[in-house]
Amino acid sequence: MTSDLRPLSRDEVRALDARAADELGLPTLILMENAGRGAAARLVELADVDRPRVVVVCGPGNNGGDGGVAARHLDAWGVPVRVVWFARRDQIKGDAETQRGIVERSEIPQTVWFEAHAEPPAPADLDALFADADWIVDGLLGTGLTRPIEGMFREVVAAMNRSARPILALDLPSGLDADSGRPLGLAVVARATATFVARKTGFDAPGADAYTGAVFVIDIGLPGKLLRGFRG
């Protein structure tokens with residue numbers, strides 16, 4: 001249980017991940033697995049239907065990798081799920097690429113946008129993508145975002161919000177600054193946020209809850225040695 005941790009800043013979260021890997025030899029794939037599975041379990045608890053149709057929106061980084069893990073577990077539990085990576089194939093690297101490959105070999109419906117399409121998605125394409133979803137999982141952009149979103153990512157966030165579908169954000173709503181709690185131009189308006197390790201400092205800022213919705217802290221398996229200085 002990590003719910004007694006104080007809120008963490010962007011730099012503190014990054015430092016914990018780095019220490020887990022560098023000092024303890026804890027593979028980042030294990031942390032990602034715990035994060036994605038915990039988020040998937042929370043979505044199943046939140047859904048008001050037995051087998052919600054879910055679209056998992058992934059960016060090229062680790063937030064997208066978390067989405068890939070969530071999709072695998074939802075699929076294992078009989079939930080109809082589709083994964084869409086808004087990136088070129090060569091932009092998906094590291095742990096995220098590992099998850100993309102596992103999803104592909106698991107024969108879960110998956111699209112890498114720029115493999116299937118020559119152009120960025122138009123608003124009508126995005127509206128069609130979300131039209132049949134009961135829930136959207138937002139794994140587009142993570143805590144590392146520090147500048148206003150633009151271009152394709154902005155269009156995807158706008159479409160998620162426009163869909164009026166309930167959204168579960170992974171770690172934090174895409175476009176929300178982790179430290180200030182303010183939208184970076186535009187941010188996902190989530191029904192709920194499955195945040196990893198601890199709440200982020202920005203979640204307590206005035207108005208941030210309009211974007212995060214209900215916040216649930218997901219334990220990703222960081223050892224207590226790393227967490228002692230952050231309790232209470």
# chains A, B, ... in the order shown; residues from 1 in each chain; ligands from 1
>>> closest_atom_pairs(of="range 34-114 of chain A", to="range 175-198 of chain A", cutoff="10 Å", atoms="only C-alpha atoms", output="Markdown table")
| residue | atom | partner | partner_atom | distance |
| --- | --- | --- | --- | --- |
| A:Asn34 | CA | A:Phe196 | CA | 9.3 |
| A:Ala35 | CA | A:Phe196 | CA | 6.4 |
| A:Gly36 | CA | A:Ala194 | CA | 9.3 |
| A:Gly38 | CA | A:Ala194 | CA | 8.0 |
| A:Ala39 | CA | A:Ala194 | CA | 5.6 |
| A:Ala40 | CA | A:Ala194 | CA | 9.0 |
| A:Ala41 | CA | A:Ala194 | CA | 10.0 |
| A:Arg42 | CA | A:Ala194 | CA | 7.4 |
| A:Leu43 | CA | A:Ala194 | CA | 8.7 |
| A:Leu46 | CA | A:Ala192 | CA | 8.7 |
>>> select_by_dssp(residues="range 68-119 of chain A", states="helix (DSSP H, G or I)", output="list in words")
Gly68, Val69, Ala70, Ala71, Arg72, His73, Leu74, Asp75, Ala76, Arg89, Asp90, Gln91, Gly94, Asp95, Ala96, Glu97, Thr98, Gln99, Arg100, Gly101, Ile102, Val103, Glu104, Arg105, Trp113, Phe114, Glu115 and Ala116 of chain A
>>> closest_residue(among="A:Val49, A:Val55, A:Val69, A:Leu226", to="Ile30 in chain A", atoms="only C-alpha atoms")
A:Val69
>>> residues_around(residues="Asp95 in chain A", least_positions_apart="5", cutoff="7 Å", atoms="only C-alpha atoms", output="ChimeraX atom specification")
/A:29,62,65
>>> residues_around(residues="Pro121 in chain A", least_positions_apart="2", cutoff="10 Å", atoms="only C-alpha atoms", output="MDAnalysis selection string")
chainID A and resid 86 113:114 117:119 123:127 152:153 155:156
>>> atom_distance(atom1="CA of Arg162 in chain A", atom2="CA of Ala131 in chain A")
10.4 Å
>>> residues_around(residues="Asn63 in chain A", least_positions_apart="6", cutoff="9 Å", atoms="only C-alpha atoms", output="list in words")
Met32, Ala96, Asp138, Gly139, Leu140, Leu141, Gly142, Thr143, Leu170 and Asp171 of chain A
>>> select_by_dssp(residues="range 21-93 of chain A", states="strand (DSSP E)", output="ChimeraX atom specification")
/A:54-58,81-85
>>> write_last_selection(atoms="all heavy atoms", output="short mmCIF file (atom, residue, chain, number, x, y, z; two decimals), in the first residue's frame")
data_model
loop_
_atom_site.label_atom_id
_atom_site.label_comp_id
_atom_site.auth_asym_id
_atom_site.auth_seq_id
_atom_site.Cartn_x
_atom_site.Cartn_y
_atom_site.Cartn_z
N VAL A 54 -13.60 -0.96 -24.70
CA VAL A 54 -12.58 -0.01 -24.28
C VAL A 54 -11.64 0.30 -25.44
O VAL A 54 -11.18 -0.60 -26.15
CB VAL A 54 -11.76 -0.59 -23.10
CG1 VAL A 54 -10.66 0.38 -22.69
CG2 VAL A 54 -12.68 -0.89 -21.91
N VAL A 55 -11.36 1.58 -25.63
CA VAL A 55 -10.31 2.03 -26.54
C VAL A 55 -9.17 2.58 -25.69
O VAL A 55 -9.39 3.47 -24.86
CB VAL A 55 -10.81 3.10 -27.52
CG1 VAL A 55 -9.64 3.64 -28.36
CG2 VAL A 55 -11.89 2.53 -28.43
N VAL A 56 -7.98 2.02 -25.87
CA VAL A 56 -6.80 2.47 -25.14
C VAL A 56 -5.98 3.36 -26.07
O VAL A 56 -5.52 2.90 -27.13
CB VAL A 56 -5.96 1.28 -24.64
CG1 VAL A 56 -4.74 1.80 -23.86
CG2 VAL A 56 -6.80 0.36 -23.77
N VAL A 57 -5.81 4.60 -25.68
CA VAL A 57 -5.08 5.59 -26.48
C VAL A 57 -3.66 5.67 -25.95
O VAL A 57 -3.44 5.98 -24.77
CB VAL A 57 -5.76 6.97 -26.38
CG1 VAL A 57 -4.94 8.03 -27.09
CG2 VAL A 57 -7.16 6.90 -26.97
N CYS A 58 -2.68 5.38 -26.80
CA CYS A 58 -1.28 5.33 -26.37
C CYS A 58 -0.43 6.33 -27.14
O CYS A 58 -0.55 6.46 -28.35
CB CYS A 58 -0.72 3.93 -26.59
SG CYS A 58 -1.48 2.63 -25.61
N VAL A 81 -11.29 -4.88 -26.19
CA VAL A 81 -10.37 -3.74 -26.11
C VAL A 81 -9.66 -3.56 -27.43
O VAL A 81 -9.37 -4.53 -28.15
CB VAL A 81 -9.36 -3.95 -24.94
CG1 VAL A 81 -8.52 -5.20 -25.16
CG2 VAL A 81 -8.49 -2.73 -24.73
N ARG A 82 -9.38 -2.31 -27.74
CA ARG A 82 -8.63 -1.96 -28.93
C ARG A 82 -7.57 -0.94 -28.53
O ARG A 82 -7.84 -0.04 -27.73
CB ARG A 82 -9.55 -1.35 -29.99
CG ARG A 82 -8.81 -0.88 -31.24
CD ARG A 82 -9.75 -0.24 -32.25
NE ARG A 82 -9.03 0.24 -33.42
CZ ARG A 82 -9.58 0.95 -34.39
NH1 ARG A 82 -10.86 1.25 -34.33
NH2 ARG A 82 -8.86 1.35 -35.42
N VAL A 83 -6.37 -1.07 -29.07
CA VAL A 83 -5.25 -0.19 -28.74
C VAL A 83 -4.89 0.63 -29.98
O VAL A 83 -4.77 0.08 -31.08
CB VAL A 83 -4.01 -0.99 -28.29
CG1 VAL A 83 -2.88 -0.05 -27.90
CG2 VAL A 83 -4.37 -1.92 -27.13
N VAL A 84 -4.72 1.94 -29.79
CA VAL A 84 -4.28 2.81 -30.88
C VAL A 84 -3.08 3.61 -30.40
O VAL A 84 -3.16 4.33 -29.40
CB VAL A 84 -5.39 3.76 -31.35
CG1 VAL A 84 -4.90 4.59 -32.53
CG2 VAL A 84 -6.64 2.97 -31.75
N TRP A 85 -1.97 3.47 -31.11
CA TRP A 85 -0.75 4.23 -30.81
C TRP A 85 -0.70 5.43 -31.75
O TRP A 85 -0.67 5.27 -32.97
CB TRP A 85 0.49 3.37 -31.05
CG TRP A 85 0.58 2.17 -30.18
CD1 TRP A 85 -0.03 0.96 -30.37
CD2 TRP A 85 1.34 2.05 -28.97
NE1 TRP A 85 0.29 0.10 -29.36
CE2 TRP A 85 1.13 0.72 -28.48
CE3 TRP A 85 2.18 2.91 -28.25
CZ2 TRP A 85 1.73 0.27 -27.32
CZ3 TRP A 85 2.77 2.45 -27.09
CH2 TRP A 85 2.56 1.15 -26.63
#
>>> closest_residue(among="A:Glu33, A:Ala116, A:Arg165, A:Phe130", to="Ile102 in chain A", atoms="only C-alpha atoms")
A:Glu33
>>> closest_residue(among="A:Lys93, A:Asp22, A:Glu104, A:Arg10", to="Leu172 in chain A", atoms="only C-alpha atoms")
A:Arg10
>>> atom_distance(atom1="CA of Asp209 in chain A", atom2="CA of Asp48 in chain A")
21.7 Å
>>> atom_distance(atom1="CA of Gly68 in chain A", atom2="CA of Arg199 in chain A")
21.9 Å
>>> residues_around(residues="range 73-79 of chain A", least_positions_apart="2", cutoff="6 Å", atoms="only C-alpha atoms", output="number ranges by chain")
A: 51, 70-71
>>> residues_around(residues="Val103 in chain A", least_positions_apart="3", cutoff="8 Å", atoms="only C-alpha atoms", output="PDB file with N, CA and C atoms, in the first residue's frame")
ATOM      1  N   GLY A  68      -0.572  -0.251 -22.951  1.00  0.00           N
ATOM      2  CA  GLY A  68      -0.478  -1.575 -23.553  1.00  0.00           C
ATOM      3  C   GLY A  68      -0.664  -2.678 -22.528  1.00  0.00           C
ATOM      4  N   ALA A  71      -4.304  -2.904 -21.560  1.00  0.00           N
ATOM      5  CA  ALA A  71      -5.073  -3.576 -22.616  1.00  0.00           C
ATOM      6  C   ALA A  71      -4.933  -5.087 -22.528  1.00  0.00           C
ATOM      7  N   ARG A  72      -3.728  -5.577 -22.278  1.00  0.00           N
ATOM      8  CA  ARG A  72      -3.527  -7.024 -22.175  1.00  0.00           C
ATOM      9  C   ARG A  72      -4.351  -7.638 -21.052  1.00  0.00           C
ATOM     10  N   GLN A  99       5.916  -3.559 -24.982  1.00  0.00           N
ATOM     11  CA  GLN A  99       4.483  -3.795 -24.770  1.00  0.00           C
ATOM     12  C   GLN A  99       3.727  -3.821 -26.090  1.00  0.00           C
ATOM     13  N   ARG A 100       4.103  -2.952 -27.020  1.00  0.00           N
ATOM     14  CA  ARG A 100       3.433  -2.961 -28.325  1.00  0.00           C
ATOM     15  C   ARG A 100       3.601  -4.325 -28.983  1.00  0.00           C
ATOM     16  N   SER A 106      -0.204 -11.056 -29.019  1.00  0.00           N
ATOM     17  CA  SER A 106      -1.380 -11.540 -28.296  1.00  0.00           C
ATOM     18  C   SER A 106      -2.650 -11.447 -29.136  1.00  0.00           C
ATOM     19  N   GLU A 107      -2.512 -10.885 -30.343  1.00  0.00           N
ATOM     20  CA  GLU A 107      -3.617 -10.757 -31.297  1.00  0.00           C
ATOM     21  C   GLU A 107      -4.755  -9.902 -30.739  1.00  0.00           C
ATOM     22  N   ILE A 108      -4.393  -8.905 -29.960  1.00  0.00           N
ATOM     23  CA  ILE A 108      -5.350  -7.902 -29.501  1.00  0.00           C
ATOM     24  C   ILE A 108      -5.436  -6.839 -30.596  1.00  0.00           C
ATOM     25  N   GLN A 110      -5.044  -3.778 -32.609  1.00  0.00           N
ATOM     26  CA  GLN A 110      -4.072  -2.716 -32.350  1.00  0.00           C
ATOM     27  C   GLN A 110      -3.731  -2.004 -33.651  1.00  0.00           C
TER      28      GLN A 110
END
>>> closest_residue(among="A:Lys200, A:Lys225, A:Arg231, A:Arg88", to="Arg14 in chain A", atoms="only C-alpha atoms")
A:Lys200
